[in-house]
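Okay, work-v7.cif now, which holds mmCIF, C-alpha atoms and all ligand atoms:
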data_my_file
loop_
_atom_site.label_atom_id
_atom_site.label_comp_id
_atom_site.auth_asym_id
_atom_site.auth_seq_id
_atom_site.Cartn_x
_atom_site.Cartn_y
_atom_site.Cartn_z
CA MET A 138 135.72 81.37 195.35
CA ASN A 139 136.65 79.47 192.30
CA SER A 140 139.32 80.49 189.88
CA TYR A 141 136.81 81.76 187.35
CA HIS A 142 135.66 84.47 189.75
CA ASP A 143 139.21 85.28 190.76
CA GLY A 144 140.21 86.00 187.24
CA THR A 145 139.87 89.56 186.02
CA VAL A 146 138.73 90.36 182.54
CA SER A 147 142.32 91.01 181.54
CA ASP A 148 143.38 87.63 183.00
CA LEU A 149 140.80 85.93 180.86
CA GLY A 150 141.95 87.92 177.89
CA ARG A 151 145.48 86.65 178.34
CA MET A 152 144.45 83.00 178.46
CA ALA A 153 145.61 81.40 175.29
CA VAL A 154 142.45 80.47 173.44
CA LYS A 155 143.26 78.36 170.45
CA PRO A 156 140.82 78.83 167.61
CA GLN A 157 138.83 75.61 167.48
CA PRO A 158 137.90 74.20 164.11
CA THR A 159 134.13 74.26 163.62
CA PRO A 160 132.95 70.70 164.13
CA GLN A 161 131.88 69.22 160.83
CA ILE A 162 128.45 67.74 161.37
CA PRO A 163 127.82 65.43 158.43
CA PRO A 164 124.55 66.31 156.70
CA THR A 165 121.73 63.86 157.23
CA PRO A 166 121.65 61.57 154.20
CA ILE A 167 118.37 61.71 152.30
CA LEU A 168 118.13 57.92 152.63
CA ALA A 169 119.92 55.68 155.09
CA VAL A 170 119.50 51.93 154.87
CA GLU A 171 120.40 50.27 158.16
CA HIS A 172 120.78 46.49 158.54
CA LEU A 173 117.85 46.04 156.22
CA SER A 174 116.44 42.54 155.74
CA HIS A 175 113.28 41.44 154.05
CA THR A 176 111.74 37.96 154.02
CA TYR A 177 108.52 37.30 152.10
CA PRO A 178 106.22 35.12 154.16
CA GLY A 179 105.79 31.53 152.97
CA PRO A 180 106.27 27.90 153.92
CA GLY A 181 109.58 26.84 155.46
CA GLY A 182 110.44 30.28 156.84
CA GLY A 183 109.52 32.18 153.69
CA VAL A 184 111.72 33.69 150.97
CA PRO A 185 114.60 35.79 152.27
CA ALA A 186 115.03 38.49 149.60
CA LEU A 187 117.45 40.90 151.29
CA ALA A 188 119.82 40.38 154.19
CA HIS A 189 121.55 42.94 156.41
CA LEU A 190 121.98 45.65 153.85
CA SER A 191 123.39 49.01 154.92
CA PHE A 192 124.25 52.04 152.80
CA ARG A 193 123.50 55.74 152.53
CA VAL A 194 122.25 57.92 149.73
CA GLU A 195 123.36 61.54 149.91
CA ARG A 196 121.24 64.41 148.66
CA GLN A 197 121.38 64.89 144.91
CA GLN A 198 123.44 61.77 144.48
CA PHE A 199 122.81 59.43 141.56
CA ILE A 200 123.00 55.82 142.76
CA ALA A 201 122.74 52.79 140.50
CA ILE A 202 121.89 49.35 141.87
CA VAL A 203 122.87 46.25 139.94
CA GLY A 204 122.82 42.56 140.76
CA PRO A 205 121.74 39.21 139.38
CA SER A 206 118.10 38.62 138.56
CA GLY A 207 116.05 37.75 141.65
CA CYS A 208 118.62 39.15 144.12
CA GLY A 209 116.14 41.54 145.69
CA LYS A 210 116.59 44.79 143.71
CA SER A 211 112.86 45.43 143.28
CA THR A 212 112.30 44.48 146.90
CA LEU A 213 114.91 47.04 147.93
CA LEU A 214 113.29 49.75 145.83
CA ARG A 215 109.87 49.01 147.27
CA LEU A 216 111.37 49.24 150.76
CA LEU A 217 112.96 52.59 149.84
CA ALA A 218 109.57 53.76 148.56
CA GLY A 219 107.83 52.77 151.81
CA LEU A 220 105.61 50.33 149.90
CA LEU A 221 107.04 47.38 151.81
CA LEU A 222 108.11 47.30 155.43
CA PRO A 223 111.38 45.66 156.48
CA THR A 224 111.45 42.40 158.38
CA GLU A 225 114.56 43.69 160.16
CA GLY A 226 116.45 46.96 160.18
CA GLN A 227 115.11 50.23 158.84
CA VAL A 228 115.11 52.85 156.13
CA LEU A 229 115.59 56.41 157.33
CA PHE A 230 114.21 59.06 155.02
CA ASP A 231 115.65 62.45 155.85
CA GLY A 232 116.60 61.06 159.27
CA GLN A 233 113.14 59.66 160.09
CA PRO A 234 112.11 55.98 159.94
CA LEU A 235 110.10 55.36 156.79
CA THR A 236 106.79 53.73 157.68
CA GLY A 237 104.81 54.19 154.47
CA PRO A 238 104.78 55.85 151.04
CA ARG A 239 105.68 59.54 150.83
CA ARG A 240 104.98 62.06 148.12
CA ARG A 241 108.58 63.18 148.40
CA LEU A 242 109.58 59.75 147.03
CA GLY A 243 108.60 59.23 143.38
CA LEU A 244 108.60 55.74 141.88
CA VAL A 245 108.92 54.57 138.25
CA PHE A 246 108.58 50.91 137.23
CA GLN A 247 109.71 48.99 134.17
CA LYS A 248 106.18 49.08 132.78
CA ALA A 249 104.70 52.54 132.40
CA ASN A 250 101.22 51.32 133.47
CA LEU A 251 99.42 54.22 131.84
CA MET A 252 95.64 54.43 131.78
CA PRO A 253 94.87 53.65 128.13
CA TRP A 254 91.75 55.83 128.00
CA ARG A 255 93.50 58.88 129.42
CA THR A 256 95.57 61.31 127.38
CA VAL A 257 99.20 62.02 128.25
CA LEU A 258 98.12 65.10 130.18
CA ALA A 259 95.36 63.24 132.03
CA ASN A 260 97.75 60.41 132.94
CA VAL A 261 100.20 62.91 134.42
CA THR A 262 97.53 64.85 136.33
CA LEU A 263 96.04 61.65 137.81
CA PRO A 264 98.09 61.65 141.06
CA LEU A 265 97.10 65.29 141.61
CA GLU A 266 93.43 64.57 140.91
CA LEU A 267 93.51 61.83 143.52
CA GLN A 268 94.65 64.49 145.96
CA HIS A 269 91.91 66.89 144.86
CA VAL A 270 94.32 69.49 143.53
CA PRO A 271 92.21 71.99 141.53
CA ALA A 272 92.18 71.15 137.81
CA THR A 273 93.87 74.32 136.53
CA GLU A 274 96.68 74.01 139.05
CA ALA A 275 97.07 70.29 138.28
CA SER A 276 97.26 71.00 134.53
CA ALA A 277 99.89 73.68 135.04
CA GLN A 278 102.04 71.39 137.19
CA ALA A 279 101.61 68.53 134.72
CA GLN A 280 102.49 70.75 131.77
CA GLU A 281 105.74 71.72 133.43
CA VAL A 282 106.91 68.12 133.84
CA ILE A 283 105.61 67.12 130.39
CA ASP A 284 107.84 69.86 128.96
CA LEU A 285 110.70 68.66 131.14
CA VAL A 286 110.55 65.09 129.83
CA GLY A 287 110.36 66.32 126.23
CA LEU A 288 106.73 65.48 125.49
CA ALA A 289 105.43 68.98 124.71
CA GLY A 290 102.95 68.66 121.85
CA PHE A 291 101.78 65.19 122.93
CA GLU A 292 99.50 66.31 125.78
CA ALA A 293 96.33 65.17 123.99
CA THR A 294 97.77 61.87 122.70
CA LEU A 295 96.47 58.56 124.05
CA PRO A 296 99.01 55.94 125.20
CA ARG A 297 98.36 53.75 122.11
CA GLY A 298 99.85 56.55 120.00
CA LEU A 299 103.13 56.55 121.95
CA SER A 300 106.38 54.61 121.47
CA GLY A 301 107.82 52.63 124.39
CA GLY A 302 110.31 55.41 125.14
CA MET A 303 107.54 58.02 125.14
CA GLU A 304 105.43 55.89 127.49
CA GLN A 305 108.33 55.77 129.94
CA ARG A 306 108.68 59.55 129.65
CA VAL A 307 105.03 59.85 130.69
CA ALA A 308 105.69 57.52 133.63
CA ILE A 309 108.66 59.68 134.65
CA ALA A 310 106.57 62.85 134.29
CA ARG A 311 103.83 61.29 136.44
CA ALA A 312 106.39 60.44 139.12
CA LEU A 313 107.80 63.98 138.97
CA VAL A 314 104.47 65.79 139.16
CA HIS A 315 104.59 65.99 142.97
CA ASN A 316 108.08 67.41 142.66
CA PRO A 317 109.55 64.58 144.80
CA GLU A 318 113.06 64.96 146.18
CA VAL A 319 113.96 61.38 145.37
CA LEU A 320 113.21 59.51 142.18
CA LEU A 321 113.32 55.72 142.53
CA LEU A 322 113.46 53.90 139.20
CA ASP A 323 113.14 50.12 138.80
CA GLU A 324 114.64 49.06 135.45
CA PRO A 325 112.70 51.86 133.74
CA PHE A 326 114.39 51.34 130.38
CA GLY A 327 114.54 47.54 130.48
CA ALA A 328 111.97 47.08 127.73
CA LEU A 329 113.45 49.66 125.34
CA ASP A 330 115.79 49.09 122.40
CA ALA A 331 119.46 49.92 122.95
CA LEU A 332 119.50 53.32 121.24
CA THR A 333 116.27 54.56 122.86
CA ARG A 334 117.65 53.35 126.12
CA GLU A 335 120.83 55.38 125.70
CA ARG A 336 118.80 58.45 124.86
CA MET A 337 116.56 57.94 127.89
CA GLY A 338 119.63 57.64 130.11
CA ALA A 339 120.87 60.99 128.81
CA GLU A 340 117.40 62.48 129.41
CA LEU A 341 117.41 61.18 132.96
CA LEU A 342 120.76 62.87 133.58
CA ARG A 343 119.37 66.11 132.18
CA ILE A 344 116.32 65.93 134.49
CA TRP A 345 118.51 65.03 137.46
CA ASP A 346 120.73 68.02 136.75
CA ALA A 347 117.90 70.45 135.99
CA ARG A 348 115.84 69.53 139.06
CA LYS A 349 118.61 68.63 141.52
CA LYS A 350 116.96 65.35 142.43
CA THR A 351 118.35 62.35 144.21
CA ILE A 352 118.09 59.32 141.95
CA VAL A 353 118.21 55.62 142.79
CA LEU A 354 118.19 53.60 139.58
CA VAL A 355 117.92 49.82 139.44
CA THR A 356 119.30 48.53 136.17
CA HIS A 357 120.65 45.30 134.75
CA SER A 358 122.96 47.20 132.41
CA ILE A 359 126.49 47.62 133.77
CA PRO A 360 127.43 50.35 131.22
CA GLU A 361 124.24 52.26 132.04
CA ALA A 362 124.99 52.06 135.77
CA VAL A 363 128.57 53.32 135.32
CA LEU A 364 127.74 55.99 132.75
CA LEU A 365 124.95 57.63 134.75
CA SER A 366 125.79 57.30 138.41
CA ASP A 367 128.01 58.70 141.13
CA ARG A 368 128.08 55.37 142.87
CA VAL A 369 127.26 51.81 141.88
CA LEU A 370 125.97 49.36 144.44
CA VAL A 371 126.34 45.68 143.57
CA LEU A 372 124.09 43.18 145.33
CA SER A 373 124.92 39.49 145.80
CA PRO A 374 122.55 36.72 144.71
CA ARG A 375 119.48 36.28 146.94
CA PRO A 376 119.25 37.12 149.77
CA GLY A 377 120.79 40.31 148.45
CA HIS A 378 123.54 41.83 150.51
CA LEU A 379 126.18 44.35 149.63
CA ARG A 380 128.99 43.04 147.42
CA LEU A 381 130.50 46.28 146.24
CA LEU A 382 130.05 50.02 146.62
CA LEU A 383 131.98 51.66 143.82
CA ASP A 384 132.40 55.41 143.43
CA ILE A 385 132.33 56.52 139.82
CA ALA A 386 134.75 59.41 139.60
CA LEU A 387 134.23 60.02 135.89
CA PRO A 388 133.88 63.73 135.07
CA ARG A 389 130.50 65.32 134.41
CA PRO A 390 128.74 66.05 132.16
CA ARG A 391 128.89 62.45 131.04
CA GLN A 392 128.90 61.57 127.39
CA VAL A 393 127.97 58.28 125.75
CA ALA A 394 131.42 58.20 124.13
CA MET A 395 133.01 57.91 127.59
CA GLN A 396 132.01 54.25 127.48
CA TYR A 397 134.95 53.60 125.22
CA SER A 398 137.57 55.10 127.54
CA PRO A 399 139.96 52.87 129.52
CA ALA A 400 138.82 54.44 132.84
CA PHE A 401 135.24 53.48 132.06
CA GLY A 402 136.26 49.98 131.03
CA GLU A 403 138.07 49.49 134.33
CA LEU A 404 135.07 50.59 136.40
CA ALA A 405 132.66 48.46 134.37
CA GLY A 406 135.08 45.52 134.78
CA GLU A 407 135.07 45.95 138.56
CA VAL A 408 131.28 45.94 138.64
CA ARG A 409 131.12 42.87 136.42
CA ALA A 410 133.68 41.00 138.54
CA ALA A 411 131.63 41.76 141.67
CA ILE A 412 128.44 40.47 140.06
CA GLU A 413 130.13 37.32 138.84
CA ALA A 414 132.16 36.67 142.01
P1 LIG B 1 115.03 41.42 141.46
O1 LIG B 1 114.26 42.68 141.29
O2 LIG B 1 116.46 41.63 141.86
O3 LIG B 1 114.94 40.53 140.25
P2 LIG B 1 113.01 40.81 143.47
O4 LIG B 1 113.18 41.82 144.54
O5 LIG B 1 111.88 41.01 142.54
O6 LIG B 1 114.39 40.61 142.68
O7 LIG B 1 112.82 39.39 144.15
C1 LIG B 1 113.73 38.87 145.09
C2 LIG B 1 113.28 37.48 145.51
O8 LIG B 1 112.07 37.57 146.24
C3 LIG B 1 113.00 36.56 144.34
O9 LIG B 1 113.43 35.28 144.67
C4 LIG B 1 111.49 36.59 144.20
O10 LIG B 1 111.00 35.39 143.67
C5 LIG B 1 111.04 36.81 145.62
N1 LIG B 1 109.80 37.57 145.69
C6 LIG B 1 109.56 38.79 145.12
N2 LIG B 1 108.34 39.22 145.41
C7 LIG B 1 107.76 38.26 146.17
C8 LIG B 1 106.48 38.09 146.80
N3 LIG B 1 105.55 39.04 146.70
N4 LIG B 1 106.27 36.96 147.50
C9 LIG B 1 107.20 36.01 147.61
N5 LIG B 1 108.43 36.09 147.06
C10 LIG B 1 108.70 37.20 146.34
MG MG B 2 113.20 43.48 139.72
#

As C-alpha cells - that is how I would like this structure written.
Ligand code: ADP
Ligand code: MG
Amino acid sequence: MNSYHDGTVSDLGRMAVKPQPTPQIPPTPILAVEHLSHTYPGPGGGVPALAHLSFRVERQQFIAIVGPSGCGKSTLLRLLAGLLLPTEGQVLFDGQPLTGPRRRLGLVFQKANLMPWRTVLANVTLPLELQHVPATEASAQAQEVIDLVGLAGFEATLPRGLSGGMEQRVAIARALVHNPEVLLLDEPFGALDALTRERMGAELLRIWDARKKTIVLVTHSIPEAVLLSDRVLVLSPRPGHLRLLLDIALPRPRQVAMQYSPAFGELAGEVRAAIEA
C-alpha cells in the first residue's frame, strides 16, 4: 500500500498545505508578430522590406509605428491585415496564424479611396452590401459609425462635397462598419493640414476609447505617435527591424497641450534619436 492509502483523512488534514498563488497565465495578445520578414520578389533576390521583426500588441492597446520612409511600415501593416503573407515568420491574430484578411481587422489608408458616385452613407454601407447584409440593417450599422466619426448630417453628401478630413472620417467609418476589434491605420492623416490632423488624432482617441478597439497607427509624425499611443515602435531603415519599443506612460486622457511638457519632449527626443541613429 502506498502512503496515500495509509493516510487517514485527519492525517491529510494535518499536512501543511501552503496556499499556492494562482498561476498568472498571460492573456493571448490580439496580435503577435514573430520573426517576421518580408521580401518582395524581384531580380537579384528581390527587395527585402522587413527583417526578423517581433513584437506583441495587447488588446485595446494603442500602438504607433514610426520609421524612415521606405523602411517597410506599409508592408508591416499589410502583413498585419493579412493582405500580404510573410516570407518568414508569422503573424498570430488572437493566437492563430493569420493566413488572409479578416473582418475583425479593419484597415484605413492614407487615401480615403471613396467611390465618387456614392454618398457618404452608400460608401460606408459598401462593405456590408458586398456581404449581402440586408439594406435596412446595413444602413442602421452605417448610421451608427457615421455618428461616431462625427459625420451625422452628411449621409447624403457625395465625396466631392467633403473636405480631406471629412473624407478620412468616411474611410474610418467604413473600416469600423464591421465592428472590427483591431483598427490598422496607414498614415491616415498624412495628407491633412496640421490643425485638421491634430483634431483627427483627438477624434481617433475618442473612438478608441468609446469602442475599446486595438489600434495600430503608422505615422511619420513623432509628436502624433507620442501623443496618441501607449507604445511607440521605431523601425530601422529598410529592411525594417525593431530599433526601439518605447512605452508612453503619459496620463490619459491626453491633451494636445501635453506636447509642450518636459516629459513629452523627452519621449519625443528618444523616438527621434532612435530614428536618426
Ligand atoms: P514605408 O511604408 O515605410 O514607406 P513600404 O512598406 O511601402 O515602406 O516599402 C518598403 C520597401 O519595399 C520600399 O523599398 C519599397 O520600395 C518596397 N516595396 C513596397 N511595395 C513593393 C512591391 N509591391 N514590390 C516591390 N517592392 C516594394
Ligand atoms: Mg507607407

| task | Find the residues around Leu321 of chain A up to 8 Å (only C-alpha atoms counted), leave out those fewer than 6 positions away in its own chain, and share them as number ranges by chain. | result | A: 214, 217-218, 242-245, 352-354

Any chance you could work out the axis-aligned box around ligand LIG 1 (chain B), listed atoms only, 6 Å on each side, giving centre and edge lengths in Å to one decimal, as lines of an AutoDock Vina configuration file?
center_x = 111.0
center_y = 39.0
center_z = 143.9
size_x = 22.9
size_y = 19.4
size_z = 19.4

| said: Using all atoms listed in the file, which residues have at least one atom no more than 10 Å from ligand LIG 1 (chain B)? Output them as a PyMOL selection string. | reply: chain A and resi 175-179+183-187+202-216+221+323-324+355-357+372-377

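Comparing the minimum interatomic distances between ligand MG 2 (chain B) and each of A:His378, A:Lys248, A:Arg389, A:Arg334, counting only C-alpha atoms and all ligand atoms, we find that A:Lys248 sits nearest.
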
| task | Enter the distance from atom CA of Ala293 of chain A to atom CA of Ala277 of chain A, in Å, rounded to one decimal. | result | 14.4 Å

| query | Restricting the calculation to all atoms listed in the file, which member of A:Leu322, A:Gly338, A:Ser191, A:Gln161 is positioned closest to ligand MG 2 (chain B)? | reply |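 The shortest atom-to-atom distance to ligand MG 2 (chain B) comes from A:Leu322.
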
| query | Do you have the atom CA of Leu379 of chain A-atom CA of Lys350 of chain A distance handy? | reply |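 Going from atom CA of Leu379 of chain A over to atom CA of Lys350 of chain A, I get 24.0 Å.
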